[in-house]
$ cat model-v4.csv   # CSV, C-alpha atoms (C1' of nucleotides)
chain,number,residue,atom,x,y,z
A,161,MET,CA,-24.2,26.7,11.1
A,162,LEU,CA,-24.7,23.9,8.6
A,163,SER,CA,-27.0,21.1,9.8
A,164,ALA,CA,-27.1,17.5,8.6
A,165,ASN,CA,-30.6,18.1,7.4
A,166,ASP,CA,-29.5,21.0,5.2
A,167,LEU,CA,-27.0,18.7,3.6
A,168,TYR,CA,-29.5,15.9,3.1
A,169,THR,CA,-32.0,18.3,1.6
A,170,ALA,CA,-29.5,19.8,-0.8
A,171,LEU,CA,-28.3,16.5,-2.0
A,172,LEU,CA,-31.8,15.1,-2.4
A,173,GLU,CA,-32.8,18.2,-4.3
A,174,ALA,CA,-29.8,17.9,-6.6
A,175,TYR,CA,-29.8,14.1,-7.3
A,176,GLY,CA,-33.2,12.9,-6.5
A,177,GLU,CA,-34.1,9.6,-4.8
A,178,PRO,CA,-30.9,7.8,-3.8
A,179,ARG,CA,-30.6,4.1,-4.2
A,180,TRP,CA,-30.6,1.7,-1.2
A,181,TRP,CA,-27.6,-0.6,-1.0
A,182,SER,CA,-29.6,-3.9,-1.3
A,183,ASP,CA,-32.9,-5.3,0.0
A,184,ASP,CA,-31.1,-8.6,0.6
A,185,PRO,CA,-29.4,-8.3,4.0
A,186,TYR,CA,-26.8,-10.9,3.3
A,187,MET,CA,-25.9,-9.2,0.1
A,188,VAL,CA,-25.1,-6.1,2.1
A,189,LEU,CA,-22.8,-8.0,4.4
A,190,PHE,CA,-21.1,-9.8,1.6
A,191,GLN,CA,-20.5,-6.6,-0.5
A,192,SER,CA,-19.6,-4.4,2.5
A,193,VAL,CA,-16.5,-6.5,2.9
A,194,LEU,CA,-15.7,-6.8,-0.8
A,195,VAL,CA,-15.9,-3.0,-1.3
A,196,GLN,CA,-13.2,-2.2,1.3
A,197,ASN,CA,-10.4,-0.5,-0.6
A,198,THR,CA,-12.1,-1.4,-3.9
A,199,SER,CA,-14.2,0.5,-6.3
A,200,TRP,CA,-18.0,-0.1,-6.3
A,201,THR,CA,-18.1,-0.9,-10.0
A,202,ASN,CA,-15.6,-3.7,-9.4
A,203,VAL,CA,-17.8,-5.2,-6.7
A,204,GLU,CA,-20.8,-5.1,-8.9
A,205,ARG,CA,-19.0,-6.8,-11.7
A,206,THR,CA,-17.7,-9.5,-9.5
A,207,CYS,CA,-21.0,-10.1,-7.8
A,208,GLU,CA,-22.8,-10.3,-11.1
A,209,LYS,CA,-20.7,-13.3,-12.1
A,210,ILE,CA,-21.3,-15.2,-8.9
A,211,LYS,CA,-24.8,-13.9,-8.0
A,212,GLY,CA,-26.4,-17.3,-7.5
A,213,MET,CA,-23.9,-18.2,-4.8
A,214,ILE,CA,-24.3,-15.2,-2.5
A,215,ALA,CA,-26.3,-16.8,0.2
A,216,PRO,CA,-25.1,-17.7,3.7
A,217,GLU,CA,-25.7,-21.4,3.5
A,218,ILE,CA,-23.7,-21.6,0.2
A,219,ILE,CA,-20.8,-19.3,1.2
A,220,SER,CA,-20.4,-21.0,4.5
A,221,GLY,CA,-20.1,-24.4,2.8
A,222,LEU,CA,-17.3,-23.3,0.5
A,223,ALA,CA,-13.6,-24.1,1.0
A,224,ASP,CA,-11.5,-21.1,1.7
A,225,ASP,CA,-9.7,-21.3,-1.6
A,226,GLU,CA,-12.9,-21.5,-3.6
A,227,LEU,CA,-14.2,-18.4,-1.9
A,228,GLU,CA,-10.9,-16.6,-2.5
A,229,ALA,CA,-11.1,-17.4,-6.2
A,230,MET,CA,-14.6,-16.0,-6.5
A,231,ILE,CA,-13.7,-12.7,-4.9
A,232,ARG,CA,-10.2,-12.3,-6.2
A,233,PRO,CA,-11.1,-9.4,-8.6
A,234,CYS,CA,-11.9,-7.3,-5.6
A,235,GLY,CA,-8.5,-7.6,-4.1
A,236,LEU,CA,-7.2,-8.8,-0.8
A,237,PRO,CA,-8.8,-12.2,-1.4
A,238,ARG,CA,-7.2,-14.0,1.6
A,239,SER,CA,-8.2,-11.5,4.3
A,240,LYS,CA,-11.5,-10.7,2.8
A,241,ALA,CA,-12.4,-14.4,2.4
A,242,ARG,CA,-11.7,-15.0,6.0
A,243,THR,CA,-13.7,-12.0,7.1
A,244,ILE,CA,-16.6,-13.1,5.0
A,245,LYS,CA,-16.5,-16.6,6.5
A,246,ASP,CA,-16.5,-15.2,10.0
A,247,LEU,CA,-19.2,-12.7,9.2
A,248,THR,CA,-21.4,-15.4,7.6
A,249,ARG,CA,-21.0,-17.6,10.7
A,250,TRP,CA,-22.0,-14.6,12.8
A,251,TYR,CA,-25.0,-13.9,10.6
A,252,ILE,CA,-26.3,-17.4,10.6
A,253,ASP,CA,-26.6,-17.5,14.3
A,254,ALA,CA,-27.2,-13.8,14.9
A,255,ASP,CA,-29.9,-12.6,17.2
A,256,SER,CA,-31.7,-9.9,15.3
A,257,SER,CA,-33.5,-8.7,18.4
A,258,LEU,CA,-30.2,-7.6,19.9
A,259,ALA,CA,-29.8,-3.9,20.9
A,260,THR,CA,-28.0,-1.9,18.2
A,261,CYS,CA,-24.9,-1.1,20.3
A,262,ARG,CA,-24.6,-4.7,21.3
A,263,MET,CA,-24.8,-5.8,17.7
A,264,ARG,CA,-22.2,-3.2,16.8
A,265,LYS,CA,-19.8,-4.6,19.4
A,266,GLU,CA,-20.2,-8.1,18.0
A,267,LEU,CA,-19.5,-6.9,14.5
A,268,LEU,CA,-16.4,-5.0,15.6
A,269,ALA,CA,-15.1,-8.1,17.3
A,270,ILE,CA,-14.9,-9.8,13.9
A,271,LYS,CA,-11.4,-9.4,12.3
A,272,GLY,CA,-11.7,-7.3,9.2
A,273,ILE,CA,-14.8,-5.4,10.3
A,274,GLY,CA,-14.1,-1.8,11.4
A,275,GLU,CA,-16.4,1.0,12.3
A,276,GLU,CA,-17.4,2.0,8.8
A,277,THR,CA,-18.2,-1.6,7.7
A,278,ALA,CA,-20.1,-2.3,10.9
A,279,ASP,CA,-22.2,0.8,10.5
A,280,VAL,CA,-22.9,-0.1,6.8
A,281,ILE,CA,-24.2,-3.5,8.0
A,282,LEU,CA,-26.3,-2.0,10.8
A,283,VAL,CA,-27.9,0.6,8.6
A,284,TYR,CA,-28.5,-1.3,5.3
A,285,ALA,CA,-28.9,-4.9,6.5
A,286,PHE,CA,-30.6,-4.4,9.9
A,287,HIS,CA,-32.2,-1.0,9.5
A,288,ARG,CA,-30.5,0.3,12.7
A,289,PRO,CA,-29.7,4.0,13.1
A,290,SER,CA,-25.9,4.0,13.4
A,291,PHE,CA,-24.5,6.7,11.1
A,292,ILE,CA,-21.8,5.7,8.6
A,293,ILE,CA,-18.8,8.0,8.7
A,294,ASP,CA,-16.2,7.4,6.0
A,295,ARG,CA,-13.3,9.4,4.6
A,296,TYR,CA,-15.4,11.1,1.9
A,297,THR,CA,-17.9,12.3,4.5
A,298,ARG,CA,-15.1,13.7,6.7
A,299,VAL,CA,-13.5,15.5,3.7
A,300,LEU,CA,-16.9,16.8,2.5
A,301,LEU,CA,-17.7,18.3,6.0
A,302,SER,CA,-14.3,19.9,6.2
A,303,ARG,CA,-14.8,21.4,2.7
A,304,LEU,CA,-18.1,22.8,3.8
A,305,GLY,CA,-16.3,24.6,6.6
A,306,CYS,CA,-17.3,22.3,9.4
A,307,SER,CA,-14.6,21.1,11.8
A,308,PHE,CA,-15.0,18.6,14.6
A,309,ARG,CA,-12.7,17.7,17.4
A,310,SER,CA,-13.6,14.0,17.5
A,311,GLU,CA,-15.3,11.1,15.8
A,312,SER,CA,-18.1,11.3,18.4
A,313,GLU,CA,-18.8,15.0,17.5
A,314,VAL,CA,-19.2,14.0,13.8
A,315,ARG,CA,-21.5,11.2,14.9
A,316,ALA,CA,-23.6,13.6,17.0
A,317,PHE,CA,-23.8,16.0,14.1
A,318,PHE,CA,-25.6,13.4,12.0
A,319,GLU,CA,-27.4,11.4,14.6
A,320,ASP,CA,-28.8,14.4,16.6
A,321,GLY,CA,-29.5,16.3,13.4
A,322,LEU,CA,-31.3,13.6,11.6
A,323,GLY,CA,-33.1,11.7,14.4
A,324,ASN,CA,-33.1,7.9,14.7
A,325,ASP,CA,-34.1,7.1,11.2
A,326,ALA,CA,-32.0,4.3,9.6
A,327,ALA,CA,-33.6,4.9,6.2
A,328,ILE,CA,-32.4,8.5,6.1
A,329,TYR,CA,-28.9,7.4,7.3
A,330,GLY,CA,-28.7,5.0,4.5
A,331,TYR,CA,-30.0,7.4,1.9
A,332,LEU,CA,-27.7,10.2,3.0
A,333,HIS,CA,-24.6,8.0,3.0
A,334,TRP,CA,-25.4,6.9,-0.5
A,335,LEU,CA,-26.0,10.5,-1.6
A,336,ILE,CA,-22.7,11.6,-0.1
A,337,LEU,CA,-20.7,8.9,-1.8
A,338,ASP,CA,-22.5,9.4,-5.1
A,339,HIS,CA,-21.8,13.1,-4.9
A,340,CYS,CA,-18.1,12.7,-4.0
A,341,ILE,CA,-17.3,9.9,-6.3
A,342,THR,CA,-19.6,10.0,-9.3
A,343,ARG,CA,-20.7,13.6,-9.6
A,344,CYS,CA,-18.0,15.8,-8.2
A,345,ARG,CA,-14.9,13.7,-8.6
A,346,LYS,CA,-13.0,16.5,-10.3
A,347,LYS,CA,-13.5,19.8,-8.5
A,348,PRO,CA,-15.9,21.8,-10.6
A,349,GLU,CA,-16.2,25.6,-10.4
A,350,CYS,CA,-18.0,26.6,-7.3
A,351,GLY,CA,-21.1,27.6,-9.2
A,352,SER,CA,-21.8,24.2,-10.7
A,353,CYS,CA,-21.6,22.3,-7.5
A,354,PRO,CA,-25.1,21.7,-6.0
A,355,LEU,CA,-23.7,22.2,-2.6
A,356,SER,CA,-22.3,25.6,-3.3
A,357,ALA,CA,-25.3,27.3,-1.8
A,358,LEU,CA,-24.4,25.7,1.6
A,359,CYS,CA,-21.0,27.3,1.7
A,360,ARG,CA,-18.9,29.3,-0.6
A,361,LYS,CA,-15.8,27.2,0.3
A,362,CYS,CA,-17.6,24.2,-1.1
A,363,ILE,CA,-15.6,21.8,-3.3
B,144,DA,C1',-2.3,8.8,16.0
B,145,DG,C1',0.1,7.6,12.2
B,146,DC,C1',1.9,3.9,9.4
B,147,DC,C1',1.6,-0.1,6.9
B,148,DA,C1',-0.3,-4.6,5.0
B,149,DG,C1',-3.2,-6.4,1.8
B,150,DG,C1',-4.3,-7.5,-3.9
B,151,DG,C1',-6.2,-5.8,-8.0
B,152,DT,C1',-7.3,-2.3,-11.3
B,153,DC,C1',-6.7,1.9,-13.9
B,154,DT,C1',-3.9,5.3,-16.2
B,155,DA,C1',-0.3,7.4,-18.5
B,156,DA,C1',3.8,7.0,-20.9
C,118,DT,C1',4.1,-3.3,-20.6
C,119,DT,C1',5.1,-1.3,-16.6
C,120,DA,C1',5.5,1.9,-12.7
C,121,DG,C1',2.7,4.1,-9.6
C,122,DA,C1',-1.5,5.9,-8.0
C,123,DC,C1',-5.7,4.7,-6.4
C,124,DC,C1',-9.5,2.0,-4.2
C,125,DA,C1',-17.2,3.1,-0.5
C,126,DT,C1',-10.2,0.3,5.1
C,127,DG,C1',-8.7,-2.1,9.1
C,128,DG,C1',-5.4,-3.2,12.5
C,129,DC,C1',-1.8,-2.5,15.3
$ encode --input "model-v4.csv" --output "structure tokens"
Amino acid sequence: MLSANDLYTALLEAYGEPRWWSDDPYMVLFQSVLVQNTSWTNVERTCEKIKGMIAPEIISGLADDELEAMIRPCGLPRSKARTIKDLTRWYIDADSSLATCRMRKELLAIKGIGEETADVILVYAFHRPSFIIDRYTRVLLSRLGCSFRSESEVRAFFEDGLGNDAAIYGYLHWLILDHCITRCRKKPECGSCPLSALCRKCI
DNA sequence: AGCCAGGGTCTAA
DNA sequence: TTAGACCATGGC
């Protein structure tokens, strides 16, 4: 039976040290909303143009239509601007000593923040161990021959398998996305996929 | 649990 | 240029 550690080890072996989202917590919050339904390169391009303005005290002071104009290239400007405003407000008076599950609930209460985005924020901005489960991760697991009955089983697969280490959660998530989107977008022959050793059904 | 809103970008013709 | 797929989803 495949373990989360096997997966992590194989990806690390294949691609080397993964990158971390950002060392600036607010940058993580800001970009985690922008990237919803949007390609990562698009987010990076957009943020490059407005990089001096991505700070909570600046964003919170903008008018809605100003913020919408700034993020328009990432799509869904109206809903994303509102979510970013609400999230920024939350962040400014967030209590960083809050328990992880409590913080997660608060994030989920913000309109526009779902489970995936909440976990991205918990892991990359607050270094809390709450594994990020996205569509790519689910598809990858199923291609590797693992099936789960529920979301909580997938979560247990990673969290029990990896221990409570937020850094590993973040690195593994990045590796999975990098693998699925950048490296193996088009299905290669089984032999050329670095995960083929894990399972013959792989990719 | 599945469908749909929400805007832009990318691609092929 | 234009239709249609696609995008590191969320909400209902």
$ closest_residue --input "model-v4.csv" --among "A:Gly272, A:Trp250, A:Gly221, A:Arg179" --to "chain B" --atoms "only C-alpha atoms (C1' of nucleotides)"
A:Gly272
$ closest_atom_pairs --input "model-v4.csv" --of "chain A" --to "chain B" --cutoff "7 Å" --atoms "all atoms listed in the file" --output "JSON lines"
{"residue": "A:Pro233", "atom": "CA", "partner": "B:DG151", "partner_atom": "C1'", "distance": 6.1}
{"residue": "A:Cys234", "atom": "CA", "partner": "B:DG151", "partner_atom": "C1'", "distance": 6.4}
{"residue": "A:Gly235", "atom": "CA", "partner": "B:DG150", "partner_atom": "C1'", "distance": 4.2}
{"residue": "A:Leu236", "atom": "CA", "partner": "B:DG150", "partner_atom": "C1'", "distance": 4.4}
{"residue": "A:Pro237", "atom": "CA", "partner": "B:DG150", "partner_atom": "C1'", "distance": 7.0}
$ interface_residues --input "model-v4.csv" --of "chain C" --to "chain A" --cutoff "7 Å" --atoms "only C-alpha atoms (C1' of nucleotides)" --output "list in words"
DC124, DA125, DT126 and DG127 of chain C
$ atom_distance --input "model-v4.csv" --atom1 "CA of Ile214 (chain A)" --atom2 "CA of Phe190 (chain A)"
7.5 Å
$ residues_around --input "model-v4.csv" --residues "Pro185 (chain A)" --least-positions-apart "3" --cutoff "10 Å" --atoms "only C-alpha atoms (C1' of nucleotides)" --output "PDB file with C-alpha atoms, keeping the file's coordinate frame"
ATOM      1  CA  TRP A 181     -27.600  -0.600  -1.000  1.00  0.00           C
ATOM      2  CA  SER A 182     -29.600  -3.900  -1.300  1.00  0.00           C
ATOM      3  CA  VAL A 188     -25.100  -6.100   2.100  1.00  0.00           C
ATOM      4  CA  LEU A 189     -22.800  -8.000   4.400  1.00  0.00           C
ATOM      5  CA  PHE A 190     -21.100  -9.800   1.600  1.00  0.00           C
ATOM      6  CA  ALA A 215     -26.300 -16.800   0.200  1.00  0.00           C
ATOM      7  CA  TYR A 251     -25.000 -13.900  10.600  1.00  0.00           C
ATOM      8  CA  ILE A 281     -24.200  -3.500   8.000  1.00  0.00           C
ATOM      9  CA  LEU A 282     -26.300  -2.000  10.800  1.00  0.00           C
ATOM     10  CA  TYR A 284     -28.500  -1.300   5.300  1.00  0.00           C
ATOM     11  CA  ALA A 285     -28.900  -4.900   6.500  1.00  0.00           C
ATOM     12  CA  PHE A 286     -30.600  -4.400   9.900  1.00  0.00           C
ATOM     13  CA  HIS A 287     -32.200  -1.000   9.500  1.00  0.00           C
TER      14      HIS A 287
END
$ atom_distance --input "model-v4.csv" --atom1 "CA of Ile231 (chain A)" --atom2 "CA of Lys245 (chain A)"
12.4 Å
$ atom_distance --input "model-v4.csv" --atom1 "CA of Phe317 (chain A)" --atom2 "CA of Leu358 (chain A)"
15.8 Å
